[in-house]
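Undergrad: Next up, input.txt (compact mmCIF, C-alpha atoms).
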# COMPACT_ATOMS: atom_id res chain seq x y z
CA MET A 1 66.41 92.67 104.46
CA THR A 2 64.23 95.81 104.55
CA LEU A 3 65.77 98.54 106.70
CA PRO A 4 63.89 101.33 108.48
CA VAL A 5 63.34 104.44 106.40
CA ASP A 6 64.95 106.65 109.04
CA LEU A 7 68.11 104.49 108.98
CA GLU A 8 68.39 104.82 105.21
CA THR A 9 67.75 108.57 105.43
CA ASP A 10 70.36 109.04 108.15
CA ALA A 11 72.83 106.85 106.25
CA ALA A 12 72.37 108.83 103.03
CA ARG A 13 72.97 112.08 104.92
CA LEU A 14 76.12 110.73 106.54
CA ARG A 15 77.37 109.39 103.19
CA ALA A 16 76.98 112.84 101.64
CA LEU A 17 78.87 114.42 104.56
CA MET A 18 81.67 111.85 104.27
CA ALA A 19 81.96 112.42 100.52
CA GLU A 20 82.08 116.18 101.04
CA ASP A 21 84.80 115.81 103.68
CA LEU A 22 86.89 113.58 101.38
CA ALA A 23 86.44 116.08 98.54
CA VAL A 24 87.53 119.02 100.72
CA ARG A 25 90.63 117.07 101.76
CA GLY A 26 91.49 116.47 98.09
CA VAL A 27 90.98 112.71 98.30
CA LEU A 28 87.82 112.60 96.20
CA ASP A 29 88.32 114.89 93.20
CA ASP A 30 86.92 112.51 90.54
CA PRO A 31 83.14 113.07 90.12
CA ALA A 32 82.58 109.41 89.19
CA TRP A 33 84.22 108.11 92.36
CA ARG A 34 82.40 110.71 94.43
CA ALA A 35 79.11 109.51 93.00
CA ALA A 36 80.07 105.95 93.97
CA VAL A 37 80.89 106.98 97.56
CA GLU A 38 77.58 108.83 97.80
CA SER A 39 75.70 105.77 96.51
CA VAL A 40 77.24 102.74 98.27
CA PRO A 41 75.75 102.11 101.74
CA ARG A 42 78.84 101.22 103.78
CA HIS A 43 76.77 100.38 106.86
CA ARG A 44 75.37 97.31 105.09
CA PHE A 45 78.89 95.92 104.78
CA VAL A 46 79.84 96.41 108.44
CA PRO A 47 77.03 95.06 110.64
CA GLY A 48 79.62 94.58 113.37
CA PHE A 49 83.19 95.74 113.99
CA TYR A 50 85.65 96.58 116.75
CA LEU A 51 86.94 99.98 117.85
CA PRO A 52 89.83 100.52 120.29
CA ALA A 53 89.03 101.76 123.79
CA ASP A 54 90.69 104.96 125.01
CA GLU A 55 92.95 103.08 127.43
CA ARG A 56 94.87 99.80 127.36
CA ASN A 57 94.36 97.05 129.91
CA GLY A 58 96.65 96.29 132.82
CA GLN A 59 98.95 94.19 130.61
CA GLY A 60 99.31 97.01 128.11
CA LEU A 61 97.10 95.32 125.50
CA THR A 62 94.66 97.23 123.32
CA VAL A 63 91.07 96.76 124.47
CA TRP A 64 88.80 96.25 121.47
CA GLN A 65 85.14 97.12 121.98
CA PRO A 66 82.49 95.47 119.78
CA VAL A 67 80.17 97.90 117.97
CA THR A 68 76.85 96.84 116.45
CA ALA A 69 73.52 98.54 115.81
CA ALA A 70 71.99 96.56 118.67
CA LEU A 71 74.67 97.63 121.15
CA ASP A 72 74.84 101.32 120.21
CA HIS A 73 73.01 102.35 117.05
CA GLY A 74 74.38 105.89 116.97
CA ARG A 75 78.02 104.89 117.47
CA TRP A 76 77.70 102.12 114.90
CA LEU A 77 76.24 104.34 112.16
CA ALA A 78 78.59 107.25 112.84
CA ALA A 79 81.64 104.98 112.69
CA ALA A 80 80.41 103.32 109.49
CA TYR A 81 80.52 106.73 107.79
CA SER A 82 83.75 107.94 109.34
CA ASP A 83 87.06 107.81 107.52
CA THR A 84 88.24 104.99 109.75
CA THR A 85 89.43 101.43 109.29
CA LEU A 86 86.96 99.13 111.04
CA ILE A 87 88.39 95.85 112.34
CA THR A 88 86.04 92.95 111.66
CA GLN A 89 88.11 89.90 112.58
CA PHE A 90 91.04 88.89 114.82
CA ASP A 91 93.38 85.92 114.49
CA GLY A 92 91.28 84.45 111.67
CA ASP A 93 88.32 83.82 114.00
CA GLU A 94 84.91 85.00 112.80
CA PRO A 95 83.12 86.85 115.65
CA ASP A 96 79.61 85.98 116.79
CA TRP A 97 77.99 89.34 116.13
CA GLU A 98 74.78 88.23 117.86
CA HIS A 99 76.74 87.97 121.12
CA PRO A 100 80.00 89.90 120.54
CA ALA A 101 82.61 89.99 123.28
CA GLU A 102 85.23 92.57 124.16
CA ARG A 103 88.74 91.55 123.13
CA HIS A 104 92.11 92.26 124.71
CA GLY A 105 94.94 92.26 122.17
CA GLY A 106 94.98 89.99 119.16
CA ALA A 107 96.11 90.36 115.56
CA PRO A 108 93.57 91.91 113.14
CA THR A 109 93.08 89.65 110.12
CA SER A 110 90.22 91.39 108.31
CA SER A 111 88.83 94.90 108.18
CA SER A 112 86.90 97.48 106.23
CA THR A 113 89.64 99.82 105.05
CA LEU A 114 89.13 103.52 105.63
CA PRO A 115 87.17 104.99 102.68
CA SER A 116 89.81 107.59 101.78
CA LEU A 117 92.39 104.85 101.19
CA VAL A 118 89.93 102.69 99.25
CA VAL A 119 89.15 105.55 96.86
CA ARG A 120 92.81 106.51 96.68
CA MET A 121 93.76 102.98 95.65
CA TRP A 122 91.22 102.79 92.83
CA ALA A 123 92.26 106.26 91.66
CA ASP A 124 96.01 105.54 91.91
CA ALA A 125 95.52 102.40 89.83
CA ASP A 126 94.00 104.61 87.13
CA VAL A 127 90.84 102.50 87.00
CA ARG A 128 88.45 103.76 84.34
CA GLU A 129 85.26 102.77 82.57
CA GLY A 130 85.72 99.71 80.37
CA HIS A 131 88.49 98.20 82.48
CA THR A 132 88.36 94.68 83.87
CA VAL A 133 89.77 94.60 87.39
CA LEU A 134 90.89 91.99 89.88
CA GLU A 135 90.61 92.97 93.53
CA ILE A 136 92.67 90.87 95.93
CA GLY A 137 91.11 90.88 99.39
CA THR A 138 87.34 91.27 99.25
CA GLY A 139 87.12 91.81 103.00
CA THR A 140 83.71 93.24 103.87
CA GLY A 141 82.93 93.93 100.19
CA TYR A 142 82.69 97.72 100.53
CA SER A 143 85.61 98.42 98.19
CA THR A 144 84.20 95.85 95.75
CA ALA A 145 80.87 97.66 95.79
CA LEU A 146 82.52 100.98 94.94
CA ALA A 147 84.22 99.36 91.94
CA CYS A 148 80.93 97.81 90.82
CA GLU A 149 79.16 101.16 91.15
CA ARG A 150 81.82 102.81 88.98
CA LEU A 151 82.54 100.06 86.42
CA GLY A 152 79.51 97.80 86.50
CA SER A 153 79.58 94.38 88.13
CA ALA A 154 80.58 92.55 84.93
CA GLY A 155 84.03 94.14 84.96
CA VAL A 156 84.86 93.31 88.58
CA THR A 157 86.41 90.13 89.99
CA SER A 158 87.20 89.97 93.71
CA ILE A 159 88.88 87.13 95.59
CA GLU A 160 89.19 86.43 99.30
CA VAL A 161 91.14 83.68 101.07
CA ASP A 162 88.70 83.46 104.00
CA PRO A 163 85.47 81.68 103.00
CA HIS A 164 83.49 83.08 105.94
CA ARG A 165 84.51 86.63 105.06
CA LEU A 166 83.57 86.08 101.43
CA GLU A 167 80.19 84.63 102.35
CA ARG A 168 79.31 87.72 104.38
CA ALA A 169 80.63 90.06 101.68
CA ALA A 170 78.71 88.23 98.95
CA SER A 171 75.49 88.53 100.94
CA ALA A 172 75.97 92.27 101.41
CA LEU A 173 76.92 92.82 97.76
CA HIS A 174 73.97 90.89 96.39
CA GLY A 175 71.66 92.61 98.87
CA CYS A 176 72.74 95.95 97.43
CA GLY A 177 72.21 94.79 93.83
CA TYR A 178 75.84 94.13 92.87
CA ALA A 179 76.91 90.90 91.16
CA PRO A 180 80.70 90.82 90.65
CA THR A 181 82.61 87.57 90.12
CA LEU A 182 83.58 86.33 93.59
CA ALA A 183 85.81 83.43 94.55
CA VAL A 184 87.61 81.94 97.52
CA ALA A 185 91.22 82.06 96.35
CA ASP A 186 94.71 82.93 97.54
CA GLY A 187 95.74 86.33 96.16
CA LEU A 188 99.29 85.06 95.76
CA TYR A 189 98.06 83.23 92.65
CA GLY A 190 95.57 85.76 91.29
CA TYR A 191 92.57 84.27 89.51
CA TRP A 192 93.31 82.61 86.18
CA PRO A 193 89.68 81.85 85.14
CA GLU A 194 88.92 85.57 84.69
CA ALA A 195 92.35 86.70 83.42
CA PRO A 196 93.70 88.72 81.76
CA PHE A 197 92.91 91.93 83.63
CA ASP A 198 93.45 95.59 82.84
CA ARG A 199 94.06 96.38 86.50
CA ILE A 200 94.96 94.35 89.58
CA VAL A 201 94.59 96.04 92.96
CA ALA A 202 95.56 94.31 96.21
CA ALA A 203 94.09 95.20 99.59
CA CYS A 204 96.73 93.11 101.36
CA SER A 205 100.52 93.27 101.32
CA PHE A 206 103.09 90.90 99.80
CA ARG A 207 106.78 90.36 100.52
CA ALA A 208 107.39 90.62 96.78
CA VAL A 209 105.27 90.90 93.63
CA PRO A 210 103.85 87.47 92.75
CA GLN A 211 104.88 86.61 89.18
CA THR A 212 101.40 85.17 88.60
CA LEU A 213 99.90 88.64 88.90
CA VAL A 214 102.22 89.93 86.19
CA ALA A 215 101.26 87.00 83.97
CA GLN A 216 97.53 87.73 84.46
CA THR A 217 97.79 91.41 83.50
CA ARG A 218 97.36 92.56 79.91
CA PRO A 219 100.38 94.31 78.31
CA GLY A 220 100.05 97.96 79.26
CA GLY A 221 97.92 97.02 82.26
CA LYS A 222 98.77 98.05 85.79
CA ILE A 223 99.20 96.40 89.17
CA LEU A 224 98.83 98.36 92.40
CA LEU A 225 99.94 96.61 95.54
CA THR A 226 101.71 97.12 98.84
CA LEU A 227 105.04 95.48 99.53
CA SER A 228 105.87 94.62 103.12
CA GLY A 229 108.10 92.31 105.08
CA TRP A 230 108.66 90.75 108.47
CA LEU A 231 109.99 94.06 109.83
CA TYR A 232 106.61 95.58 108.94
CA GLY A 233 108.09 98.12 106.60
CA TYR A 234 105.71 99.04 103.79
CA ALA A 235 105.80 100.65 100.36
CA ARG A 236 103.12 100.94 97.69
CA VAL A 237 104.09 100.40 94.07
CA LEU A 238 102.25 100.94 90.80
CA LEU A 239 103.65 98.63 88.11
CA THR A 240 103.05 98.75 84.36
CA VAL A 241 103.30 95.35 82.67
CA ALA A 242 105.20 95.06 79.40
CA GLY A 243 104.55 92.69 76.51
CA ASP A 244 107.57 90.54 77.43
CA GLY A 245 106.16 89.65 80.84
CA THR A 246 108.26 92.09 82.85
CA ALA A 247 106.93 94.97 84.91
CA GLU A 248 108.32 98.23 86.22
CA GLY A 249 107.09 101.13 88.28
CA ARG A 250 107.92 103.69 90.93
CA LEU A 251 107.22 103.49 94.62
CA LEU A 252 104.42 105.74 95.79
CA GLY A 253 104.81 108.01 98.80
CA GLY A 254 102.75 108.03 101.97
CA THR A 255 102.58 105.88 105.09
CA VAL A 256 100.12 103.22 103.94
CA SER A 257 100.04 99.72 105.41
CA PHE A 258 97.92 96.62 104.86
CA MET A 259 97.63 93.26 106.57
CA SER A 260 99.96 90.69 105.04
CA ALA A 261 98.68 88.04 102.68
CA ARG A 262 98.29 85.09 105.02
CA THR A 263 100.86 82.99 103.20
CA HIS A 264 103.38 85.86 103.55
CA ALA A 265 102.75 86.54 107.24
CA ALA A 266 105.71 86.52 109.64
CA PRO A 267 106.29 83.24 111.50
CA ALA A 268 106.31 82.99 115.28
CA PHE A 269 109.85 83.12 116.66
CA GLY A 270 109.43 82.23 120.33
CA ASN A 271 110.91 83.96 123.35
CA PRO A 272 113.39 86.78 122.58
CA ALA A 273 115.26 85.95 125.78
CA HIS A 274 116.04 82.47 124.44
CA TRP A 275 117.62 84.01 121.35
CA ALA A 276 119.54 86.59 123.38
CA ALA A 277 120.98 83.89 125.65
CA GLY A 278 123.10 82.52 122.82
CA LEU A 279 124.66 85.83 121.81
CA PRO A 280 128.29 86.80 122.56
CA VAL A 281 128.70 88.42 125.97
CA ARG A 282 130.95 91.19 124.66
CA PRO A 283 128.96 94.01 122.97
CA ARG A 284 130.10 96.62 120.51
CA VAL A 285 129.00 100.23 120.07
CA ALA A 286 126.12 100.55 117.59
CA ARG A 287 126.72 103.11 114.84
CA HIS A 288 122.99 103.72 114.43
CA ALA A 289 120.24 103.69 117.01
CA PRO A 290 117.13 101.55 116.45
CA GLU A 291 115.05 104.74 116.35
CA ARG A 292 116.27 105.21 112.79
CA ILE A 293 113.78 102.53 111.74
CA THR A 294 111.27 102.54 114.61
CA ALA A 295 110.46 106.25 115.03
CA ALA A 296 106.97 107.45 114.15
CA THR A 297 108.14 109.44 111.13
CA GLU A 298 107.67 109.05 107.38
CA GLU A 299 111.43 108.72 106.90
CA ALA A 300 111.71 105.91 109.45
CA PHE A 301 108.69 104.22 107.83
CA HIS A 302 110.44 104.37 104.44
CA LEU A 303 113.85 103.37 105.83
CA ARG A 304 112.41 100.36 107.59
CA PHE A 305 111.12 99.14 104.24
CA LEU A 306 114.57 99.53 102.67
CA VAL A 307 116.23 97.80 105.62
CA GLN A 308 114.13 94.71 104.88
CA SER A 309 116.15 94.31 101.69
CA ALA A 310 119.29 93.94 103.81
CA VAL A 311 117.77 91.55 106.37
CA PRO A 312 114.71 90.07 104.60
CA ASP A 313 114.06 87.32 107.14
CA ALA A 314 114.53 89.38 110.30
CA GLN A 315 111.81 90.30 112.77
CA LEU A 316 111.97 93.03 115.39
CA THR A 317 110.50 93.26 118.86
CA ALA A 318 111.14 95.39 121.93
CA VAL A 319 111.10 94.23 125.54
CA GLY A 320 111.27 97.33 127.67
CA ASP A 321 114.22 99.37 126.42
CA VAL A 322 115.89 96.39 124.76
CA VAL A 323 115.39 95.78 121.03
CA HIS A 324 115.69 92.28 119.56
CA LEU A 325 116.21 91.22 115.94
CA VAL A 326 115.49 87.55 115.22
CA ASP A 327 115.98 85.61 111.96
CA VAL A 328 114.26 82.21 112.08
CA VAL A 329 115.63 81.24 108.64
CA THR A 330 119.35 81.47 109.45
CA GLY A 331 119.20 81.28 113.25
CA SER A 332 120.79 84.71 113.59
CA ALA A 333 119.93 87.27 116.25
CA ALA A 334 120.93 90.71 117.54
CA MET A 335 120.11 92.59 120.72
CA LEU A 336 120.43 96.34 121.20
CA ALA A 337 120.40 98.00 124.62
CA PRO A 338 120.88 101.65 125.65
CA ASP A 339 124.28 102.43 127.18
CA GLY A 340 122.92 105.06 129.58
CA ASP A 341 124.59 107.98 127.81
CA GLY A 342 122.32 108.28 124.77
CA GLY A 343 124.08 105.60 122.73
CA TRP A 344 123.46 101.91 122.15
CA TRP A 345 125.32 98.64 122.61
CA VAL A 346 124.72 95.74 120.26
CA ARG A 347 125.39 92.03 120.63
CA GLU A 348 124.84 89.81 117.59
CA GLY A 349 125.56 86.29 116.48
CA GLY A 350 124.69 83.63 113.97
CA GLN A 351 125.26 83.21 110.26
CA VAL A 352 124.13 86.78 109.48
CA ARG A 353 125.23 89.87 111.39
CA LEU A 354 121.78 91.42 111.34
CA TRP A 355 122.41 94.87 112.81
CA GLU A 356 125.71 95.20 110.95
CA ASN A 357 123.79 94.69 107.68
CA VAL A 358 121.21 97.25 108.79
CA GLU A 359 123.94 99.77 109.59
CA ARG A 360 125.58 99.30 106.19
CA LEU A 361 122.31 100.05 104.41
CA ILE A 362 121.66 103.12 106.59
CA ASP A 363 125.20 104.35 105.80
CA VAL A 364 124.51 104.06 102.05
CA TYR A 365 121.11 105.72 102.47
CA ASP A 366 122.61 108.66 104.38
CA ALA A 367 125.48 109.05 101.90
CA ALA A 368 122.95 109.21 99.05
CA GLY A 369 121.19 112.14 100.71
CA ARG A 370 118.31 110.14 102.23
CA PRO A 371 116.33 109.69 99.00
CA GLY A 372 112.54 109.47 99.32
CA PRO A 373 110.38 106.57 98.12
CA GLU A 374 109.38 108.32 94.87
CA THR A 375 112.99 108.11 93.68
CA PHE A 376 113.01 104.29 93.74
CA THR A 377 111.94 102.07 90.85
CA LEU A 378 110.86 98.46 91.22
CA CYS A 379 111.79 96.12 88.35
CA VAL A 380 110.14 92.69 88.11
CA HIS A 381 111.43 90.00 85.78
CA ASP A 382 111.89 86.23 85.66
CA GLY A 383 115.26 86.44 87.32
CA GLY A 384 114.03 88.34 90.38
CA GLN A 385 112.82 91.69 91.64
CA HIS A 386 114.98 94.66 92.43
CA LEU A 387 114.68 98.19 93.77
CA ARG A 388 116.75 100.71 91.87
CA GLN A 389 117.76 104.24 92.75
CA PRO A 390 120.46 106.28 90.99
CA GLN A 391 122.57 106.77 94.14
CA VAL A 392 121.80 103.54 96.01
CA PRO A 393 123.11 100.09 95.05
CA CYS A 394 120.54 97.65 93.61
CA LEU A 395 118.46 96.12 96.40
CA PRO A 396 117.06 92.62 95.74
CA LEU A 397 113.72 91.73 97.28
CA PRO A 398 112.88 88.35 98.85
CA ALA A 399 111.50 85.77 96.46
CA PRO A 400 107.67 85.65 96.42
Could you take the file, read its structure, and then write that structure out as structure tokens?

TA:
Amino acid sequence: MTLPVDLETDAARLRALMAEDLAVRGVLDDPAWRAAVESVPRHRFVPGFYLPADERNGQGLTVWQPVTAALDHGRWLAAAYSDTTLITQFDGDEPDWEHPAERHGGAPTSSSTLPSLVVRMWADADVREGHTVLEIGTGTGYSTALACERLGSAGVTSIEVDPHRLERAASALHGCGYAPTLAVADGLYGYWPEAPFDRIVAACSFRAVPQTLVAQTRPGGKILLTLSGWLYGYARVLLTVAGDGTAEGRLLGGTVSFMSARTHAAPAFGNPAHWAAGLPVRPRVARHAPERITAATEEAFHLRFLVQSAVPDAQLTAVGDVVHLVDVVTGSAAMLAPDGDGGWWVREGGQVRLWENVERLIDVYDAAGRPGPETFTLCVHDGGQHLRQPQVPCLPLPAP
């Protein structure tokens, strides 16, 4: 499609401003990646998206406003060249961008990741000229386009589990002159037809590193992905694959999160009140408050990820001041409520004492001096996957 000259001129100006801002912030210090950001027209990959309204609705749900060029050209173009994640899909349903509707609540299932994180991921994976790369999660195709601009289309393979998303991304990529290898595929299994790869970069999160990704990476190659769990704790890891099929690497710092791979998404668990009804009536005093893992701090973000190793199948939700932990695998549950004096009561039952396990891990973490994510190493081998830290006992991760 031919676009108006003034649109292309305005877009080029906004791209240059965005690149300059990222460079000033220290995100874009590689001239080759900066050239890619200045060249790739992000607006062609996001013809429509949702932005949150300033206020929630009467039920406390986020109000998502559709943004397209037809609805508000200025807002659409400015947002396309802002360092913002743009939500493009909820609950797996592809919007009708000809007649988009406002949404109240919903779970985002596809987006155009904020440009600073996209560039950071490619840079953290140490992607360089001559590398063959597998991108897991094509999404809108913007990140794919940056890789093609830097490496050439022949070196880039990108897979997406949602065929509608991939169709739109493919159209935008081809319209901009890029021709990477694209396929509808589940990132859990990589993409054998184009393997082996020098680099694998995932734009979704996994509960554990899929062994297939290790098998599809050349010895000495690297895998960058985000680990997450049903408690929505996250950690990025950069693994180097050895010739014997094992992989090892350190966790990377920073509060970065991605949507879960759809096959690793948390299951629905029903009504928390139903779970709480079966718990013992007599509570005990909680040694640690739930804020240790729910506070809006980098330490709580990191600790929540570690806690998932202790209760890998638990999910957490709050109803008013009451916090519920639910484990659909074992049938276990815990409920924490404030005691009115700054402390917390806990009631728990089932095969696994969920909050007791959480407290034990927090005790070990505190005794070790609250080590940061960069001090942990992830080891992947045929027998499992483990987090290691000199002062913290080995933490197994859930099986992929």

Undergrad: Could you check the closest approach to A:Phe197 for each of A:Glu129, A:Glu8, A:Glu135, A:Glu160 and tell me which residue wins, using all atoms listed in the file?

TA: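 For A:Phe197, the nearest of the given residues is A:Glu135.
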
Undergrad: So what do you get for atom CA of A:Leu22 versus atom CA of A:Thr88, distance-wise?

TA: 23.1 Å

Undergrad: Rounded to one decimal, what separation in Å do you get between atom CA of A:Gly105 and atom CA of A:Ser82?

TA: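 It comes out at 23.1 Å.
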
Undergrad: Using Å and a single decimal, report how far atom CA of A:His288 sits from atom CA of A:Asp363.

TA: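 One can read the atom CA of A:Asp363 to atom CA of A:His288 distance as 8.9 Å.
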
Undergrad: List the neighbours of stretch 90-93 of chain A out to 6 Å using all atoms listed in the file; skip same-chain residues closer than 3 positions along the sequence, and give me the result as a PyMOL selection string.

TA: chain A and resi 106-109

Undergrad: Take the residues from that selection and write them out as a short mmCIF file (atom, residue, chain, number, x, y, z; two decimals), in the coordinates of the input, keeping C-alpha atoms.

TA:
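Result file is result_25.cif:
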data_model
loop_
_atom_site.label_atom_id
_atom_site.label_comp_id
_atom_site.auth_asym_id
_atom_site.auth_seq_id
_atom_site.Cartn_x
_atom_site.Cartn_y
_atom_site.Cartn_z
CA GLY A 106 94.98 89.99 119.16
CA ALA A 107 96.11 90.36 115.56
CA PRO A 108 93.57 91.91 113.14
CA THR A 109 93.08 89.65 110.12
#

Undergrad: Can you pull out the residues contacting stretch 96-101 of chain A? Cut-off 10 Å, using all atoms listed in the file, and skip same-chain residues under 6 positions away; I want them as a short mmCIF file (atom, residue, chain, number, x, y, z; two decimals) with C-alpha atoms, keeping the file's coordinate frame.

TA:
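The resulting file, selection36.cif, is shown below:
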data_model
loop_
_atom_site.label_atom_id
_atom_site.label_comp_id
_atom_site.auth_asym_id
_atom_site.auth_seq_id
_atom_site.Cartn_x
_atom_site.Cartn_y
_atom_site.Cartn_z
CA PRO A 47 77.03 95.06 110.64
CA GLY A 48 79.62 94.58 113.37
CA PHE A 49 83.19 95.74 113.99
CA TYR A 50 85.65 96.58 116.75
CA TRP A 64 88.80 96.25 121.47
CA GLN A 65 85.14 97.12 121.98
CA PRO A 66 82.49 95.47 119.78
CA VAL A 67 80.17 97.90 117.97
CA THR A 68 76.85 96.84 116.45
CA ALA A 70 71.99 96.56 118.67
CA LEU A 71 74.67 97.63 121.15
CA THR A 88 86.04 92.95 111.66
#

Undergrad: Which of these residues is nearest to A:Met121, using only C-alpha atoms: A:Leu146, A:Leu151, A:Ile362, A:Ala289?

TA: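 Looking only at the distances to A:Met121, the closest residue turns out to be A:Leu146.
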
Undergrad: Would you kindly return, as a CSV table (one decimal) with C-alpha atoms, keeping the file's coordinate frame, each protein, DNA or RNA residue with an atom no farther than 12 Å from any atom of A:Val214, considering only C-alpha atoms and excluding same-chain residues fewer than 2 positions away?

TA:
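Dumped everything to around_30.csv:
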chain,number,residue,atom,x,y,z
A,188,LEU,CA,99.3,85.1,95.8
A,189,TYR,CA,98.1,83.2,92.6
A,190,GLY,CA,95.6,85.8,91.3
A,191,TYR,CA,92.6,84.3,89.5
A,192,TRP,CA,93.3,82.6,86.2
A,195,ALA,CA,92.4,86.7,83.4
A,196,PRO,CA,93.7,88.7,81.8
A,197,PHE,CA,92.9,91.9,83.6
A,198,ASP,CA,93.4,95.6,82.8
A,199,ARG,CA,94.1,96.4,86.5
A,200,ILE,CA,95.0,94.4,89.6
A,201,VAL,CA,94.6,96.0,93.0
A,208,ALA,CA,107.4,90.6,96.8
A,209,VAL,CA,105.3,90.9,93.6
A,210,PRO,CA,103.8,87.5,92.8
A,211,GLN,CA,104.9,86.6,89.2
A,212,THR,CA,101.4,85.2,88.6
A,216,GLN,CA,97.5,87.7,84.5
A,217,THR,CA,97.8,91.4,83.5
A,218,ARG,CA,97.4,92.6,79.9
A,219,PRO,CA,100.4,94.3,78.3
A,220,GLY,CA,100.0,98.0,79.3
A,221,GLY,CA,97.9,97.0,82.3
A,222,LYS,CA,98.8,98.0,85.8
A,223,ILE,CA,99.2,96.4,89.2
A,224,LEU,CA,98.8,98.4,92.4
A,225,LEU,CA,99.9,96.6,95.5
A,238,LEU,CA,102.2,100.9,90.8
A,239,LEU,CA,103.6,98.6,88.1
A,240,THR,CA,103.0,98.8,84.4
A,241,VAL,CA,103.3,95.4,82.7
A,242,ALA,CA,105.2,95.1,79.4
A,243,GLY,CA,104.6,92.7,76.5
A,244,ASP,CA,107.6,90.5,77.4
A,245,GLY,CA,106.2,89.6,80.8
A,246,THR,CA,108.3,92.1,82.8
A,247,ALA,CA,106.9,95.0,84.9
A,248,GLU,CA,108.3,98.2,86.2
A,379,CYS,CA,111.8,96.1,88.4
A,380,VAL,CA,110.1,92.7,88.1
A,381,HIS,CA,111.4,90.0,85.8
A,382,ASP,CA,111.9,86.2,85.7

Undergrad: For the point (77.9, 92.4, 104.2) in file coordinates, what residues are within 6 Å, counting all atoms listed in the file? Give the answer as number ranges by chain?

TA: A: 44-45, 140, 168-169, 171-172

Undergrad: I'd like the neighbourhood of A:Cys204 as a ChimeraX atom specification, where a residue qualifies if any of its atoms comes within 10 Å (using all atoms listed in the file), though same-chain residues fewer than 2 positions away should be ignored.

TA: /A:110,135-139,187,201-202,206,225-228,257-262

Undergrad: Looking at only C-alpha atoms, which of A:Ala268, A:Val237, A:Ala203, A:Val156 is the one that sits closest to A:Pro180?

TA: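 Counting only C-alpha atoms, the residue closest to A:Pro180 is A:Val156.
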
Undergrad: Around the point (113.0, 99.7, 124.7) in the file's coordinates, collect all residues with an atom within 9 Å, using only C-alpha atoms, and return them as a list in words.

TA: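 Checked against the point, the hits come out as Ala318, Val319, Gly320, Asp321, Val322, Val323, Leu336, Ala337 and Pro338 of chain A.
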
Undergrad: Under the rule that all atoms listed in the file are counted, which of A:Leu7, A:Ala147, A:Ala296, A:Leu397 is the nearest residue to A:Ala123?

TA: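 Looking at the shortest contact to A:Ala123, the residue is A:Ala147.
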
Undergrad: Once N, CA and C atoms are restored for stretch 112-123 of chain A, what would the output be as a short mmCIF file (atom, residue, chain, number, x, y, z; two decimals), in the frame of the given file?

TA:
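As written to disk, rebuild.cif reads:
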data_model
loop_
_atom_site.label_atom_id
_atom_site.label_comp_id
_atom_site.auth_asym_id
_atom_site.auth_seq_id
_atom_site.Cartn_x
_atom_site.Cartn_y
_atom_site.Cartn_z
N SER A 112 87.40 96.60 107.28
CA SER A 112 86.90 97.48 106.23
C SER A 112 87.82 98.69 106.20
N THR A 113 88.63 98.77 105.15
CA THR A 113 89.64 99.82 105.05
C THR A 113 88.99 101.19 105.02
N LEU A 114 89.67 102.18 105.61
CA LEU A 114 89.13 103.52 105.63
C LEU A 114 88.80 104.00 104.21
N PRO A 115 87.63 104.63 104.02
CA PRO A 115 87.17 104.99 102.68
C PRO A 115 88.15 105.84 101.88
N SER A 116 88.87 106.75 102.53
CA SER A 116 89.81 107.59 101.78
C SER A 116 90.88 106.75 101.11
N LEU A 117 91.36 105.70 101.78
CA LEU A 117 92.39 104.85 101.19
C LEU A 117 91.81 103.97 100.09
N VAL A 118 90.58 103.49 100.28
CA VAL A 118 89.93 102.69 99.25
C VAL A 118 89.82 103.48 97.95
N VAL A 119 89.31 104.70 98.06
CA VAL A 119 89.15 105.55 96.86
C VAL A 119 90.51 105.89 96.27
N ARG A 120 91.46 106.16 97.15
CA ARG A 120 92.81 106.51 96.68
C ARG A 120 93.42 105.37 95.89
N MET A 121 93.20 104.14 96.35
CA MET A 121 93.76 102.98 95.65
C MET A 121 93.16 102.83 94.25
N TRP A 122 91.84 102.90 94.15
CA TRP A 122 91.22 102.79 92.83
C TRP A 122 91.69 103.91 91.91
N ALA A 123 91.82 105.12 92.48
CA ALA A 123 92.26 106.26 91.66
C ALA A 123 93.72 106.12 91.27
#
